[in-house]
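Shown below: coords.txt, with compact mmCIF, N, CA and C atoms.
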```txt
# COMPACT_ATOMS: atom_id res chain seq x y z
N MET A 1 10.38 2.17 -36.97
CA MET A 1 10.69 2.32 -35.57
C MET A 1 10.92 0.93 -34.96
N THR A 2 12.00 0.79 -34.21
CA THR A 2 12.28 -0.43 -33.47
C THR A 2 12.05 -0.15 -31.99
N PRO A 3 10.98 -0.70 -31.42
CA PRO A 3 10.69 -0.43 -30.01
C PRO A 3 11.78 -0.94 -29.08
N LEU A 4 11.89 -0.27 -27.96
CA LEU A 4 12.82 -0.64 -26.91
C LEU A 4 12.00 -1.18 -25.75
N LEU A 5 12.32 -2.39 -25.31
CA LEU A 5 11.64 -3.01 -24.18
C LEU A 5 12.50 -2.81 -22.95
N VAL A 6 11.91 -2.27 -21.89
CA VAL A 6 12.61 -2.12 -20.62
C VAL A 6 11.87 -2.92 -19.57
N LEU A 7 12.61 -3.78 -18.87
CA LEU A 7 12.06 -4.57 -17.78
C LEU A 7 12.64 -4.05 -16.47
N ALA A 8 11.78 -3.87 -15.50
CA ALA A 8 12.20 -3.48 -14.15
C ALA A 8 11.54 -4.45 -13.19
N GLU A 9 12.36 -5.24 -12.51
CA GLU A 9 11.86 -6.28 -11.61
C GLU A 9 12.24 -5.93 -10.19
N PHE A 10 11.27 -6.07 -9.28
CA PHE A 10 11.50 -5.73 -7.89
C PHE A 10 10.95 -6.82 -6.97
N GLY A 11 11.69 -7.11 -5.93
CA GLY A 11 11.23 -7.94 -4.84
C GLY A 11 11.11 -7.04 -3.62
N CYS A 12 9.97 -7.08 -2.96
CA CYS A 12 9.69 -6.15 -1.86
C CYS A 12 9.69 -6.84 -0.50
N SER A 13 9.95 -6.05 0.52
CA SER A 13 9.72 -6.51 1.90
C SER A 13 8.21 -6.54 2.11
N SER A 14 7.75 -7.15 3.20
CA SER A 14 6.31 -7.21 3.42
C SER A 14 5.73 -5.80 3.61
N ASP A 15 6.41 -4.92 4.33
CA ASP A 15 5.94 -3.54 4.47
C ASP A 15 6.06 -2.79 3.16
N GLY A 16 7.14 -3.04 2.45
CA GLY A 16 7.38 -2.36 1.18
C GLY A 16 6.35 -2.70 0.12
N GLU A 17 5.85 -3.93 0.14
CA GLU A 17 4.84 -4.32 -0.84
C GLU A 17 3.61 -3.43 -0.74
N ALA A 18 3.15 -3.16 0.46
CA ALA A 18 1.98 -2.31 0.65
C ALA A 18 2.25 -0.89 0.15
N GLU A 19 3.45 -0.39 0.39
CA GLU A 19 3.81 0.95 -0.09
C GLU A 19 3.85 1.00 -1.61
N LEU A 20 4.48 -0.01 -2.22
CA LEU A 20 4.54 -0.05 -3.68
C LEU A 20 3.14 -0.17 -4.28
N ARG A 21 2.34 -1.05 -3.71
CA ARG A 21 0.97 -1.23 -4.21
C ARG A 21 0.18 0.08 -4.20
N ALA A 22 0.41 0.89 -3.19
CA ALA A 22 -0.29 2.18 -3.09
C ALA A 22 0.11 3.13 -4.22
N GLN A 23 1.24 2.90 -4.86
CA GLN A 23 1.73 3.77 -5.93
C GLN A 23 1.55 3.17 -7.33
N LEU A 24 1.03 1.95 -7.45
CA LEU A 24 0.98 1.26 -8.74
C LEU A 24 0.17 2.01 -9.80
N GLU A 25 -1.04 2.42 -9.46
CA GLU A 25 -1.88 3.09 -10.47
C GLU A 25 -1.24 4.39 -10.96
N ARG A 26 -0.73 5.18 -10.04
CA ARG A 26 -0.10 6.43 -10.46
C ARG A 26 1.17 6.14 -11.26
N THR A 27 1.92 5.12 -10.85
CA THR A 27 3.14 4.76 -11.59
C THR A 27 2.80 4.44 -13.04
N LEU A 28 1.79 3.63 -13.25
CA LEU A 28 1.40 3.27 -14.62
C LEU A 28 0.87 4.49 -15.37
N ALA A 29 0.09 5.32 -14.71
CA ALA A 29 -0.45 6.52 -15.37
C ALA A 29 0.67 7.48 -15.77
N GLU A 30 1.61 7.71 -14.88
CA GLU A 30 2.73 8.61 -15.18
C GLU A 30 3.61 8.05 -16.29
N THR A 31 3.85 6.75 -16.24
CA THR A 31 4.68 6.11 -17.27
C THR A 31 4.00 6.23 -18.62
N ARG A 32 2.73 5.87 -18.69
CA ARG A 32 2.00 5.90 -19.96
C ARG A 32 1.86 7.31 -20.51
N ALA A 33 1.89 8.32 -19.65
CA ALA A 33 1.77 9.71 -20.09
C ALA A 33 3.10 10.28 -20.59
N THR A 34 4.18 9.57 -20.39
CA THR A 34 5.49 10.04 -20.83
C THR A 34 5.59 9.95 -22.35
N PRO A 35 5.93 11.04 -23.03
CA PRO A 35 6.07 11.00 -24.49
C PRO A 35 7.07 9.91 -24.91
N GLY A 36 6.63 9.05 -25.81
CA GLY A 36 7.47 7.96 -26.28
C GLY A 36 7.17 6.63 -25.62
N CYS A 37 6.30 6.61 -24.61
CA CYS A 37 5.89 5.34 -24.01
C CYS A 37 4.83 4.71 -24.91
N LEU A 38 5.10 3.53 -25.39
CA LEU A 38 4.16 2.83 -26.26
C LEU A 38 3.21 1.94 -25.46
N GLN A 39 3.71 1.41 -24.34
CA GLN A 39 2.89 0.52 -23.51
C GLN A 39 3.59 0.32 -22.18
N ALA A 40 2.81 0.19 -21.12
CA ALA A 40 3.36 -0.09 -19.79
C ALA A 40 2.41 -1.01 -19.05
N THR A 41 2.94 -2.09 -18.51
CA THR A 41 2.15 -3.03 -17.72
C THR A 41 2.97 -3.48 -16.51
N VAL A 42 2.30 -4.06 -15.56
CA VAL A 42 2.98 -4.63 -14.40
C VAL A 42 2.42 -6.03 -14.16
N TRP A 43 3.31 -6.97 -13.92
CA TRP A 43 2.95 -8.34 -13.60
C TRP A 43 3.38 -8.59 -12.16
N GLU A 44 2.59 -9.40 -11.46
CA GLU A 44 2.89 -9.66 -10.05
C GLU A 44 3.00 -11.15 -9.76
N ARG A 45 3.83 -11.47 -8.78
CA ARG A 45 3.88 -12.79 -8.17
C ARG A 45 3.62 -12.54 -6.68
N PRO A 46 2.34 -12.42 -6.31
CA PRO A 46 1.97 -11.98 -4.95
C PRO A 46 2.57 -12.84 -3.83
N ALA A 47 2.62 -14.14 -4.01
CA ALA A 47 3.13 -15.00 -2.94
C ALA A 47 4.59 -14.70 -2.62
N GLU A 48 5.31 -14.15 -3.60
CA GLU A 48 6.74 -13.85 -3.42
C GLU A 48 7.00 -12.35 -3.30
N ARG A 49 5.93 -11.54 -3.34
CA ARG A 49 6.05 -10.08 -3.27
C ARG A 49 6.98 -9.54 -4.37
N ARG A 50 6.79 -10.04 -5.59
CA ARG A 50 7.62 -9.63 -6.72
C ARG A 50 6.75 -8.92 -7.76
N PHE A 51 7.35 -7.91 -8.39
CA PHE A 51 6.68 -7.11 -9.42
C PHE A 51 7.60 -7.00 -10.63
N LEU A 52 7.03 -7.15 -11.82
CA LEU A 52 7.78 -7.00 -13.06
C LEU A 52 7.07 -5.94 -13.91
N PHE A 53 7.72 -4.81 -14.09
CA PHE A 53 7.21 -3.75 -14.95
C PHE A 53 7.77 -3.97 -16.34
N THR A 54 6.88 -4.05 -17.33
CA THR A 54 7.31 -4.16 -18.72
C THR A 54 6.86 -2.90 -19.44
N THR A 55 7.81 -2.22 -20.05
CA THR A 55 7.49 -1.00 -20.78
C THR A 55 8.11 -1.05 -22.15
N HIS A 56 7.38 -0.55 -23.13
CA HIS A 56 7.87 -0.43 -24.50
C HIS A 56 7.97 1.05 -24.83
N TRP A 57 9.10 1.44 -25.43
CA TRP A 57 9.40 2.84 -25.70
C TRP A 57 9.80 3.03 -27.16
N THR A 58 9.63 4.24 -27.64
CA THR A 58 10.03 4.54 -29.02
C THR A 58 11.54 4.54 -29.17
N ASP A 59 12.26 4.97 -28.12
CA ASP A 59 13.73 5.05 -28.18
C ASP A 59 14.29 5.33 -26.79
N ALA A 60 15.60 5.39 -26.70
CA ALA A 60 16.27 5.62 -25.41
C ALA A 60 15.95 7.01 -24.85
N ALA A 61 15.73 7.99 -25.71
CA ALA A 61 15.39 9.34 -25.23
C ALA A 61 14.06 9.32 -24.46
N ALA A 62 13.14 8.48 -24.89
CA ALA A 62 11.86 8.36 -24.18
C ALA A 62 12.07 7.78 -22.79
N VAL A 63 12.95 6.79 -22.67
CA VAL A 63 13.27 6.21 -21.37
C VAL A 63 13.88 7.28 -20.47
N THR A 64 14.76 8.09 -21.03
CA THR A 64 15.37 9.18 -20.26
C THR A 64 14.32 10.15 -19.76
N ARG A 65 13.31 10.45 -20.59
CA ARG A 65 12.23 11.33 -20.14
C ARG A 65 11.51 10.74 -18.94
N TRP A 66 11.29 9.42 -18.93
CA TRP A 66 10.65 8.77 -17.80
C TRP A 66 11.55 8.84 -16.56
N VAL A 67 12.82 8.56 -16.71
CA VAL A 67 13.75 8.59 -15.58
C VAL A 67 13.80 10.00 -14.98
N GLU A 68 13.66 11.02 -15.82
CA GLU A 68 13.70 12.41 -15.35
C GLU A 68 12.34 12.93 -14.88
N ASN A 69 11.30 12.13 -15.02
CA ASN A 69 9.95 12.50 -14.58
C ASN A 69 9.97 12.82 -13.08
N ASP A 70 9.29 13.90 -12.68
CA ASP A 70 9.30 14.35 -11.29
C ASP A 70 8.80 13.27 -10.33
N PHE A 71 7.70 12.60 -10.66
CA PHE A 71 7.17 11.53 -9.81
C PHE A 71 8.18 10.39 -9.68
N HIS A 72 8.80 10.02 -10.79
CA HIS A 72 9.80 8.96 -10.78
C HIS A 72 10.97 9.33 -9.86
N ARG A 73 11.46 10.56 -9.99
CA ARG A 73 12.62 11.00 -9.21
C ARG A 73 12.32 11.21 -7.73
N THR A 74 11.15 11.80 -7.42
CA THR A 74 10.88 12.20 -6.03
C THR A 74 10.11 11.17 -5.22
N VAL A 75 9.36 10.30 -5.88
CA VAL A 75 8.56 9.30 -5.14
C VAL A 75 9.10 7.89 -5.35
N LEU A 76 9.23 7.47 -6.61
CA LEU A 76 9.59 6.08 -6.87
C LEU A 76 11.03 5.75 -6.54
N MET A 77 11.98 6.52 -7.03
CA MET A 77 13.38 6.18 -6.79
C MET A 77 13.71 6.10 -5.30
N PRO A 78 13.36 7.12 -4.51
CA PRO A 78 13.64 6.98 -3.07
C PRO A 78 12.78 5.90 -2.42
N GLY A 79 11.55 5.74 -2.91
CA GLY A 79 10.66 4.72 -2.36
C GLY A 79 11.20 3.32 -2.58
N PHE A 80 11.67 3.03 -3.79
CA PHE A 80 12.18 1.69 -4.07
C PHE A 80 13.37 1.34 -3.17
N ARG A 81 14.15 2.32 -2.81
CA ARG A 81 15.29 2.06 -1.92
C ARG A 81 14.80 1.61 -0.53
N ARG A 82 13.62 2.06 -0.13
CA ARG A 82 13.05 1.65 1.16
C ARG A 82 12.19 0.39 1.03
N TRP A 83 11.44 0.28 -0.05
CA TRP A 83 10.46 -0.79 -0.20
C TRP A 83 11.04 -2.12 -0.64
N CYS A 84 12.11 -2.08 -1.40
CA CYS A 84 12.58 -3.28 -2.08
C CYS A 84 13.80 -3.90 -1.42
N VAL A 85 13.90 -5.22 -1.61
CA VAL A 85 15.06 -5.97 -1.14
C VAL A 85 15.86 -6.51 -2.33
N GLU A 86 15.32 -6.31 -3.54
CA GLU A 86 15.99 -6.77 -4.76
C GLU A 86 15.46 -5.97 -5.94
N GLY A 87 16.31 -5.73 -6.92
CA GLY A 87 15.88 -5.02 -8.12
C GLY A 87 16.78 -5.33 -9.29
N ALA A 88 16.20 -5.29 -10.50
CA ALA A 88 16.96 -5.53 -11.72
C ALA A 88 16.32 -4.73 -12.85
N PHE A 89 17.16 -4.20 -13.73
CA PHE A 89 16.70 -3.44 -14.89
C PHE A 89 17.37 -4.01 -16.13
N SER A 90 16.61 -4.16 -17.21
CA SER A 90 17.15 -4.66 -18.48
C SER A 90 16.51 -3.90 -19.63
N GLU A 91 17.27 -3.72 -20.71
CA GLU A 91 16.76 -3.09 -21.93
C GLU A 91 17.04 -4.00 -23.11
N PHE A 92 16.04 -4.14 -23.98
CA PHE A 92 16.16 -4.99 -25.16
C PHE A 92 15.61 -4.26 -26.38
N THR A 93 16.25 -4.44 -27.53
CA THR A 93 15.68 -3.92 -28.77
C THR A 93 15.02 -5.07 -29.51
N LEU A 94 13.97 -4.76 -30.23
CA LEU A 94 13.18 -5.77 -30.93
C LEU A 94 13.92 -6.26 -32.18
N ALA A 95 14.23 -7.54 -32.21
CA ALA A 95 14.90 -8.13 -33.37
C ALA A 95 13.87 -8.73 -34.34
N ALA A 96 12.78 -9.24 -33.80
CA ALA A 96 11.70 -9.82 -34.61
C ALA A 96 10.40 -9.63 -33.86
N ASP A 97 9.33 -9.39 -34.61
CA ASP A 97 8.02 -9.22 -34.00
C ASP A 97 7.06 -10.20 -34.66
N HIS A 98 6.43 -11.02 -33.85
CA HIS A 98 5.47 -12.00 -34.35
C HIS A 98 4.07 -11.57 -33.94
N ASP A 99 3.09 -11.98 -34.73
CA ASP A 99 1.71 -11.60 -34.46
C ASP A 99 1.28 -12.02 -33.06
N ARG A 100 0.43 -11.19 -32.47
CA ARG A 100 -0.27 -11.54 -31.24
C ARG A 100 -1.60 -12.15 -31.71
N ALA A 101 -2.06 -13.21 -31.06
CA ALA A 101 -3.31 -13.85 -31.45
C ALA A 101 -4.23 -13.96 -30.23
N ARG A 102 -5.51 -13.77 -30.51
CA ARG A 102 -6.53 -13.93 -29.46
C ARG A 102 -7.63 -14.85 -29.98
N LYS A 103 -8.15 -15.67 -29.07
CA LYS A 103 -9.21 -16.60 -29.41
C LYS A 103 -10.56 -15.97 -29.11
N CYS A 104 -11.48 -16.05 -30.04
CA CYS A 104 -12.82 -15.49 -29.89
C CYS A 104 -13.67 -16.41 -29.01
N ALA A 105 -14.25 -15.84 -27.96
CA ALA A 105 -15.11 -16.62 -27.07
C ALA A 105 -16.41 -17.03 -27.75
N ALA A 106 -16.85 -16.24 -28.75
CA ALA A 106 -18.12 -16.52 -29.42
C ALA A 106 -18.00 -17.65 -30.44
N CYS A 107 -16.99 -17.61 -31.29
CA CYS A 107 -16.92 -18.61 -32.38
C CYS A 107 -15.72 -19.55 -32.27
N GLY A 108 -14.78 -19.25 -31.38
CA GLY A 108 -13.64 -20.15 -31.18
C GLY A 108 -12.50 -19.97 -32.15
N ARG A 109 -12.60 -19.02 -33.08
CA ARG A 109 -11.54 -18.79 -34.06
C ARG A 109 -10.47 -17.87 -33.48
N TRP A 110 -9.28 -17.99 -34.02
CA TRP A 110 -8.15 -17.16 -33.62
C TRP A 110 -7.98 -16.01 -34.59
N THR A 111 -7.65 -14.84 -34.08
CA THR A 111 -7.39 -13.66 -34.89
C THR A 111 -6.03 -13.11 -34.49
N SER A 112 -5.22 -12.76 -35.49
CA SER A 112 -3.89 -12.23 -35.19
C SER A 112 -3.78 -10.77 -35.57
N ALA A 113 -2.79 -10.08 -34.99
CA ALA A 113 -2.56 -8.67 -35.28
C ALA A 113 -1.12 -8.31 -34.94
N ARG A 114 -0.68 -7.21 -35.54
CA ARG A 114 0.64 -6.64 -35.24
C ARG A 114 0.46 -5.22 -34.77
N PRO A 115 1.36 -4.70 -33.96
CA PRO A 115 2.57 -5.38 -33.50
C PRO A 115 2.26 -6.42 -32.44
N GLY A 116 3.00 -7.49 -32.44
CA GLY A 116 2.77 -8.56 -31.48
C GLY A 116 3.07 -8.17 -30.05
N TRP A 117 3.98 -7.22 -29.85
CA TRP A 117 4.33 -6.81 -28.49
C TRP A 117 3.24 -5.98 -27.83
N SER A 118 2.31 -5.45 -28.60
CA SER A 118 1.27 -4.57 -28.05
C SER A 118 0.05 -5.35 -27.59
N GLU A 119 -0.49 -4.96 -26.46
CA GLU A 119 -1.72 -5.58 -25.95
C GLU A 119 -2.96 -4.94 -26.56
N GLN A 120 -2.80 -3.98 -27.46
CA GLN A 120 -3.92 -3.23 -28.04
C GLN A 120 -4.77 -4.08 -28.98
N GLY A 121 -4.20 -5.01 -29.67
CA GLY A 121 -4.99 -5.73 -30.67
C GLY A 121 -4.66 -7.20 -30.67
N PRO A 122 -5.40 -7.96 -31.40
CA PRO A 122 -6.58 -7.57 -32.16
C PRO A 122 -7.77 -7.29 -31.24
N ALA A 123 -8.66 -6.44 -31.71
CA ALA A 123 -9.81 -6.05 -30.92
C ALA A 123 -11.10 -6.75 -31.33
N THR A 124 -11.18 -7.18 -32.60
CA THR A 124 -12.38 -7.86 -33.09
C THR A 124 -12.01 -9.13 -33.84
N CYS A 125 -12.90 -10.08 -33.79
CA CYS A 125 -12.70 -11.39 -34.44
C CYS A 125 -12.79 -11.24 -35.95
N ARG A 126 -11.84 -11.83 -36.66
CA ARG A 126 -11.84 -11.76 -38.13
C ARG A 126 -12.95 -12.62 -38.73
N GLN A 127 -13.46 -13.59 -37.96
CA GLN A 127 -14.48 -14.49 -38.47
C GLN A 127 -15.90 -13.96 -38.25
N CYS A 128 -16.22 -13.63 -36.97
CA CYS A 128 -17.60 -13.25 -36.65
C CYS A 128 -17.76 -11.77 -36.29
N GLY A 129 -16.64 -11.04 -36.15
CA GLY A 129 -16.71 -9.62 -35.82
C GLY A 129 -16.94 -9.33 -34.35
N GLY A 130 -16.99 -10.37 -33.52
CA GLY A 130 -17.19 -10.18 -32.09
C GLY A 130 -16.01 -9.51 -31.42
N ALA A 131 -16.27 -8.87 -30.30
CA ALA A 131 -15.21 -8.20 -29.54
C ALA A 131 -14.31 -9.24 -28.89
N LEU A 132 -13.01 -8.98 -28.90
CA LEU A 132 -12.04 -9.88 -28.27
C LEU A 132 -11.52 -9.26 -26.99
```
Translate this structure into structure tokens?
Amino acid sequence: MTPLLVLAEFGCSSDGEAELRAQLERTLAETRATPGCLQATVWERPAERRFLFTTHWTDAAAVTRWVENDFHRTVLMPGFRRWCVEGAFSEFTLAADHDRARKCAACGRWTSARPGWSEQGPATCRQCGGAL
């Protein structure tokens, strides 16, 4: 399987930011519950009222399922037209995947895991077994 990365970036008005923020948890929950969603996160630049949604999907059909999701169609799509002053969408296929590494707070060693695009791992230190 070659994951599909979809980026959705939004810049909000000051009123729109509050509206979007009120929908963030449900947006992530609905996205993650969509069959074929491998991971969904949101990054913020609060000083600029900007949001970057990063989602990984099994394939384009999974993205279509999200676009057709009732919450997406009835709340988010019309909401973004009111809340946002800028928006961009991009899709990328994975050409290469490199290990994700985390440093252990207990022993200071690095542990790597795949897939690198996933925030799921590594969960334990390869050296001391501590939680990462």
(message) Using only N, CA and C atoms for the distances, tell me which of A:Pro35, A:Gly129, A:Gly87, A:Pro78 is nearest to Cys12 in chain A.
(response) A:Gly87
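Taking only C-alpha atoms into account, Asp15 in chain A lies nearest to A:Trp83 out of the set A:Thr124, A:Arg32, A:Trp83, A:Ser118.
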(request) Mind giving me the straight-line distance from CA of Phe71 in chain A to CA of Glu30 in chain A in Å, one decimal? (result) 7.6 Å
(request) Have a look at A:Pro3, A:Gly108, A:Pro115, A:Gly121 and name the one nearest to Ala60 in chain A; count only N, CA and C atoms. (result) A:Pro3
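Residue nearest Ser13 in chain A, chosen from A:Arg49, A:Leu28, A:Leu38, A:Leu132 and counting all atoms listed in the file: A:Arg49.
In this model, the gap between CA of Leu24 in chain A and CA of Asn69 in chain A comes to 15.5 Å.
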(message) Let's see if you can do this: from backbone DSSP, list all strand (DSSP E) residues in range 21-118 of chain A, as a PyMOL selection string.
(response) chain A and resi 37-45+50-57+84-93+100-103+110-113
(request) Measure the distance from atom C of Glu9 in chain A to CA of Ala40 in chain A in Å and round it to one decimal. (result) 14.3 Å
(request) Please identify which residues in chain A DSSP calls helix (DSSP H, G or I) from the backbone, and express them as a VMD selection string. (result) chain A and resid 14 to 33 46 to 48 60 to 67 70 to 83
(message) Under the rule that only N, CA and C atoms are counted, which of A:Phe51, A:Met1, A:Glu17, A:Ala8 is the nearest residue to Phe89 in chain A?
(response) A:Ala8
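Between Glu91 in chain A and the residues A:Thr54, A:Thr31, A:Ser14, A:Thr41, the shortest atom-to-atom distance, using only C-alpha atoms, involves A:Thr54.
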(message) Would you pick out the contacts of Thr2 in chain A at 7 Å or less, using all atoms listed in the file, so that residues sharing its chain but fewer than 2 positions from it are not included, and give the list as JSON, numbers by chain?
(response) {"A": [4, 57, 58, 59, 93, 94]}
